[in-house]
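S.K.: Coordinates in work_30.cif, mmCIF, C-alpha atoms, are listed below.
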data_model
loop_
_atom_site.label_atom_id
_atom_site.label_comp_id
_atom_site.auth_asym_id
_atom_site.auth_seq_id
_atom_site.Cartn_x
_atom_site.Cartn_y
_atom_site.Cartn_z
CA MET M 17 -35.61 14.36 51.07
CA ARG M 18 -39.14 13.39 52.03
CA THR M 19 -40.17 17.04 52.01
CA PHE M 20 -38.50 17.57 48.62
CA LEU M 21 -40.22 14.58 47.01
CA SER M 22 -43.59 15.24 48.64
CA LEU M 23 -43.64 18.81 47.33
CA PHE M 24 -43.84 17.19 43.89
CA SER M 25 -46.17 14.28 44.61
CA LYS M 26 -48.50 15.84 47.20
CA PRO M 27 -47.78 19.56 47.71
CA ASP M 28 -51.18 20.05 49.33
CA ASP M 29 -50.14 17.66 52.12
CA VAL M 30 -46.87 19.50 52.79
CA ILE M 31 -48.03 23.11 52.44
CA GLY M 32 -51.66 22.69 53.44
CA GLY M 33 -50.62 20.56 56.38
CA TYR M 34 -48.20 23.20 57.63
CA ILE M 35 -50.81 25.95 57.30
CA ASN M 36 -53.31 23.79 59.20
CA GLY M 37 -50.90 23.19 62.08
CA THR M 38 -48.86 20.09 61.18
CA ARG M 39 -45.26 20.87 62.16
CA LYS M 40 -43.36 17.60 62.55
CA LYS M 41 -44.21 15.61 59.43
CA TYR M 42 -42.07 17.68 57.06
CA VAL M 43 -39.29 20.25 57.28
CA ASN M 44 -40.79 23.55 58.42
CA VAL M 45 -41.07 26.34 55.88
CA ILE M 46 -38.36 28.64 57.31
CA SER M 47 -35.78 25.86 57.54
CA TYR M 48 -36.59 24.67 54.02
CA PHE M 49 -36.28 28.18 52.61
CA ALA M 50 -32.97 28.67 54.45
CA LEU M 51 -31.74 25.40 52.94
CA ALA M 52 -32.71 26.63 49.47
CA ILE M 53 -30.79 29.88 49.98
CA THR M 54 -27.72 27.91 51.05
CA ILE M 55 -27.91 25.59 48.03
CA THR M 56 -28.43 28.58 45.71
CA GLY M 57 -25.33 30.27 47.10
CA PHE M 58 -23.35 27.06 46.61
CA TYR M 59 -24.44 26.55 43.01
CA LEU M 60 -23.63 30.17 42.09
CA PHE M 61 -20.18 29.71 43.61
CA VAL M 62 -19.62 26.54 41.59
CA LEU M 63 -20.76 28.16 38.32
CA LYS M 64 -18.65 31.27 38.84
CA LYS M 65 -15.55 29.26 39.68
CA TYR M 66 -15.76 26.32 37.27
CA PHE M 67 -18.31 27.25 34.55
CA PRO M 68 -18.20 31.06 34.17
CA GLU M 69 -19.03 30.84 30.47
CA THR M 70 -22.47 29.40 31.28
CA ILE M 71 -23.51 32.53 33.22
CA ASP M 72 -22.01 35.08 30.84
CA TYR M 73 -25.15 36.85 29.64
CA SER M 74 -23.16 39.57 27.87
CA ILE M 75 -23.08 37.38 24.76
CA LEU M 76 -26.88 37.73 24.58
CA SER M 77 -26.94 41.51 24.90
CA PRO M 78 -27.09 44.07 22.05
CA PRO M 79 -23.75 45.46 20.77
CA GLY M 80 -22.36 48.08 23.11
CA GLN M 81 -24.32 46.90 26.15
CA GLU M 82 -22.12 43.98 27.16
CA GLU M 83 -20.60 45.71 30.19
CA PHE M 84 -23.98 46.98 31.33
CA GLN M 85 -25.38 43.45 31.09
CA LYS M 86 -22.45 42.04 33.07
CA LYS M 87 -22.99 44.67 35.74
CA ASN M 88 -26.69 43.83 36.07
CA VAL M 89 -26.17 40.06 36.12
CA SER M 90 -23.37 40.40 38.67
CA PHE M 91 -25.61 42.53 40.90
CA VAL M 92 -28.43 39.97 40.74
CA GLN M 93 -26.09 37.04 41.46
CA GLU M 94 -24.44 38.78 44.40
CA ASN M 95 -27.84 39.57 45.91
CA MET M 96 -29.66 36.38 44.93
CA SER M 97 -30.72 35.63 48.51
CA LEU M 98 -32.29 39.06 48.80
CA PHE M 99 -34.13 38.64 45.50
CA MET M 100 -35.42 35.23 46.61
CA MET M 101 -36.86 36.83 49.75
CA LEU M 102 -38.40 39.71 47.78
CA TYR M 103 -40.07 37.36 45.29
CA VAL M 104 -42.11 35.67 48.01
CA PRO M 105 -44.21 38.65 49.26
CA LEU M 106 -44.57 39.90 45.67
CA TYR M 107 -45.85 36.55 44.37
CA ALA M 108 -48.12 36.19 47.40
CA LEU M 109 -49.64 39.62 46.74
CA MET M 110 -50.10 38.93 43.02
CA THR M 111 -51.76 35.60 43.80
CA ARG M 112 -54.03 37.25 46.35
CA ILE M 113 -55.16 39.67 43.63
CA SER M 114 -55.41 36.97 40.93
CA PHE M 115 -57.43 34.62 43.13
CA VAL M 116 -59.85 37.29 44.34
CA GLY M 117 -63.13 35.71 45.34
CA LEU M 118 -61.40 32.50 46.41
CA ASN M 119 -60.74 33.33 50.04
CA LYS M 120 -59.30 30.01 51.18
CA PHE M 121 -55.92 31.55 52.07
CA ASN M 122 -55.10 34.93 53.54
CA TYR M 123 -51.96 36.87 52.64
CA THR M 124 -49.88 35.40 55.49
CA GLU M 125 -50.81 31.87 54.46
CA LEU M 126 -49.88 32.67 50.86
CA LEU M 127 -46.45 33.72 52.14
CA VAL M 128 -46.06 30.19 53.49
CA VAL M 129 -47.20 28.76 50.15
CA PHE M 130 -44.63 30.71 48.17
CA LEU M 131 -41.84 30.22 50.67
CA TYR M 132 -42.19 26.49 50.04
CA LEU M 133 -42.64 26.85 46.27
CA GLN M 134 -39.79 29.34 45.85
CA ALA M 135 -37.51 27.09 47.91
CA GLN M 136 -38.48 24.01 45.92
CA MET M 137 -37.92 25.65 42.54
CA SER M 138 -34.63 27.18 43.69
CA ILE M 139 -33.31 23.78 44.80
CA VAL M 140 -34.33 22.15 41.52
CA THR M 141 -32.80 25.00 39.52
CA ALA M 142 -29.54 24.77 41.46
CA ILE M 143 -29.20 21.02 40.89
CA ALA M 144 -30.15 21.24 37.22
CA SER M 145 -27.83 24.21 36.61
CA ILE M 146 -24.79 22.36 37.89
CA LEU M 147 -25.67 19.19 35.95
CA PHE M 148 -26.32 21.02 32.67
CA SER M 149 -23.20 23.15 33.11
CA LEU M 150 -21.14 19.97 32.91
CA PHE M 151 -22.26 19.80 29.27
CA GLY M 152 -21.57 23.50 28.65
CA ILE M 153 -25.26 24.47 28.38
CA HIS M 154 -25.81 28.19 28.97
CA GLN M 155 -28.05 29.26 31.86
CA GLY M 156 -30.11 31.37 29.46
CA ILE M 157 -31.15 28.25 27.57
CA LEU M 158 -31.90 26.47 30.82
CA SER M 159 -34.12 29.38 31.88
CA LEU M 160 -36.13 29.13 28.66
CA VAL M 161 -36.81 25.47 29.41
CA PHE M 162 -37.43 25.78 33.14
CA THR M 163 -39.60 28.90 33.25
CA PRO M 164 -42.72 27.29 31.68
CA LEU M 165 -42.15 24.19 33.82
CA MET M 166 -42.06 26.34 36.95
CA VAL M 167 -45.28 28.09 35.91
CA LEU M 168 -46.92 24.70 35.36
CA TYR M 169 -45.68 23.37 38.70
CA THR M 170 -46.94 26.44 40.56
CA ALA M 171 -50.32 26.19 38.83
CA ILE M 172 -50.65 22.51 39.77
CA CYS M 173 -49.77 23.24 43.40
CA LEU M 174 -52.26 26.10 43.63
CA LYS M 175 -54.93 23.97 41.94
CA GLN M 176 -54.52 21.32 44.64
CA LEU M 177 -54.29 23.80 47.49
CA TYR M 178 -57.38 25.74 46.43
CA GLY M 179 -59.27 22.61 45.38
CA ILE M 180 -60.34 24.08 42.04
CA ASN M 181 -60.85 22.56 38.59
CA THR M 182 -58.57 22.84 35.56
CA LYS M 183 -60.61 25.53 33.84
CA THR M 184 -60.51 27.75 36.92
CA ILE M 185 -56.75 27.42 37.43
CA ILE M 186 -56.14 28.26 33.75
CA LEU M 187 -58.25 31.42 34.03
CA ARG M 188 -56.60 32.40 37.31
CA THR M 189 -53.15 31.80 35.82
CA LEU M 190 -53.98 34.08 32.89
CA LEU M 191 -55.16 36.71 35.37
CA PHE M 192 -51.90 36.27 37.27
CA PHE M 193 -49.95 37.00 34.08
CA ALA M 194 -52.06 40.12 33.51
CA VAL M 195 -51.15 41.30 37.00
CA LEU M 196 -47.52 40.37 36.31
CA ILE M 197 -47.48 42.56 33.18
CA VAL M 198 -48.75 45.53 35.19
CA VAL M 199 -46.11 44.91 37.88
CA PHE M 200 -43.40 44.55 35.21
CA ILE M 201 -44.39 47.87 33.62
CA ILE M 202 -44.30 49.64 36.98
CA ILE M 203 -40.88 48.18 37.84
CA SER M 204 -39.55 49.04 34.37
CA VAL M 205 -40.70 52.65 34.69
CA VAL M 206 -39.11 52.96 38.14
CA MET M 207 -35.86 51.43 36.88
CA GLY M 208 -35.91 53.69 33.81
CA ILE M 209 -36.27 56.79 35.99
CA TYR M 210 -33.48 55.58 38.26
CA MET M 211 -31.17 54.86 35.29
CA PHE M 212 -31.94 58.28 33.80
CA PHE M 213 -30.96 60.17 36.94
CA ASN M 214 -27.85 58.13 37.81
CA GLY M 215 -26.47 58.30 34.26
CA ASP M 216 -26.73 54.62 33.32
CA PHE M 217 -29.26 55.33 30.59
CA GLN M 218 -26.98 57.84 28.86
CA GLN M 219 -24.04 55.43 29.19
CA MET M 220 -26.07 52.73 27.45
CA ILE M 221 -26.92 55.09 24.58
CA ASP M 222 -23.30 56.25 24.20
CA ALA M 223 -21.98 52.68 24.30
CA GLN M 224 -24.47 51.53 21.67
CA LYS M 225 -23.62 54.48 19.42
CA ALA M 226 -19.93 53.70 19.78
CA ALA M 227 -20.54 50.04 18.92
CA LYS M 228 -22.51 50.98 15.80
CA GLY M 229 -19.84 53.47 14.78
CA SER M 230 -17.08 50.90 15.08
#
Let me see the structure of the file written as structure tokens.
M.R.:
Amino acid sequence: MRTFLSLFSKPDDVIGGYINGTRKKYVNVISYFALAITITGFYLFVLKKYFPETIDYSILSPPGQEEFQKKNVSFVQENMSLFMMLYVPLYALMTRISFVGLNKFNYTELLVVFLYLQAQMSIVTAIASILFSLFGIHQGILSLVFTPLMVLYTAICLKQLYGINTKTIILRTLLFFAVLIVVFIIISVVMGIYMFFNGDFQQMIDAQKAAKGS
């Protein structure tokens, strides 16, 4: 609990301290990330079992693509732990590029930074998801609210860790989003090629045509 609260009140003490060699004051980064994965698995189990309507994203998809959307969401949920682990090196690399010229942290140290941040945001998301599901609030709506808050939290943490002013962190955050757009385009192209060759793309087109025809 002290680690959880301190990552909000003084993230530079938790993360910076760990990078600088402090190991006993707070939960170490691997244990904290493992805890986050466990809590994420638990909250997905609870939502699937008791609040399935809050994670049904097919209602938000275009006509004819409901089954495709369910398939994608199901794949992401079943492999959430893997995605959490993949986010960390990707975010660390994007931050390394976005913060070029500010050489306070190397890539390995940025992995530690984002292991802590990813774990923290995953724990908060899990707790909030279960609480909001009690009121029937869809996870899509929760994502719209939490995404900008997560961006703000990450920016504040990086501002403290790098010891930079507000103007600099705003500029670096904008650069991060520019890098993110490039990464998103690359991933989209790769996924599009994959969908084209495995037949998913044609299935989407046929399903949408059938929906419009009906």
S.K.: Run the PyMOL selection byres ((chain M and resi 170-172) around 12) mentally over the shown coordinates, then write out the matched residues as an MDAnalysis selection string, using the chain letters and numbers from the document.
M.R.: chainID M and resid 23:28 107:108 111 115 129:137 163:169 173:190 192:193
S.K.: Given the choices M:Asp29, M:Tyr42, M:Ile203, M:Ser159, which gets closest to Leu106 (chain M) if the distance is worked out from all atoms listed in the file?
M.R.: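 Counting all atoms listed in the file, the residue closest to Leu106 (chain M) is M:Ile203.
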S.K.: Which value, in Å to one decimal, gives the distance between CA of Met100 (chain M) and CA of Ser145 (chain M)?
M.R.: 16.7 Å
S.K.: Hey, which of M:Asn88, M:Ser114, M:Thr70, M:Ser138 ends up closest to Phe20 (chain M)? Count all atoms listed in the file.
M.R.: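 Using all atoms listed in the file, the shortest distance to Phe20 (chain M) belongs to M:Ser138.
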S.K.: Using CA of Ile139 (chain M) and CA of Ser204 (chain M) as the two end points, give the distance in Å to one decimal.
M.R.: 28.0 Å
S.K.: State, in Å with one decimal place, the distance from CA of Leu160 (chain M) to CA of Leu51 (chain M).
M.R.: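 Taking CA of Leu160 (chain M) as the start and CA of Leu51 (chain M) as the end point, the length is 25.0 Å.
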S.K.: Taking into account all atoms listed in the file, which residue in the set M:Val195, M:Val45, M:Ser90, M:Leu150 is nearest to Leu127 (chain M)?
M.R.: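 Answer, going by the shortest atom-to-atom distance: M:Val45.
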S.K.: M:Val43, M:Lys64, M:Phe200, M:Asn36: which is nearest Met17 (chain M), counting all atoms listed in the file?
M.R.: M:Val43
S.K.: List every protein, DNA or RNA residue that has at least one atom no more than 7 Å from (-24.8, 24.1, 35.6) in the file's coordinates, counting only C-alpha atoms, and write the result as a VMD selection string.
M.R.: chain M and resid 63 144 to 150
S.K.: Find, counting all atoms listed in the file, the residue in M:Leu98, M:Gln155, M:Phe67, M:Ile201 that gets nearest to Ala50 (chain M).
M.R.: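 Once distances to Ala50 (chain M) are computed over all atoms listed in the file, the minimum belongs to M:Leu98.
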S.K.: Could you list, as a list in words, every residue within 10 Å of Lys41 (chain M), counting all atoms listed in the file and ignoring same-chain residues fewer than 3 positions away?
M.R.: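 So the residues in contact are Arg18, Thr19, Asp29, Val30, Gly33, Tyr34, Thr38 and Asn44 of chain M.
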S.K.: Could you turn the residues from that selection into a file that holds C-alpha atoms, as a PDB file, keeping the file's coordinate frame?
M.R.:
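The file below, selection-v4.pdb, is the result:
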ATOM      1  CA  ARG M  18     -39.140  13.390  52.030  1.00  0.00           C
ATOM      2  CA  THR M  19     -40.170  17.040  52.010  1.00  0.00           C
ATOM      3  CA  ASP M  29     -50.140  17.660  52.120  1.00  0.00           C
ATOM      4  CA  VAL M  30     -46.870  19.500  52.790  1.00  0.00           C
ATOM      5  CA  GLY M  33     -50.620  20.560  56.380  1.00  0.00           C
ATOM      6  CA  TYR M  34     -48.200  23.200  57.630  1.00  0.00           C
ATOM      7  CA  THR M  38     -48.860  20.090  61.180  1.00  0.00           C
ATOM      8  CA  ASN M  44     -40.790  23.550  58.420  1.00  0.00           C
TER       9      ASN M  44
END
S.K.: When distances are computed from all atoms listed in the file, which of M:Gly208, M:Val161, M:Leu126, M:Ala194 shows the smallest separation from Ile35 (chain M)?
M.R.: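 Closest to Ile35 (chain M) of all the choices is M:Leu126.
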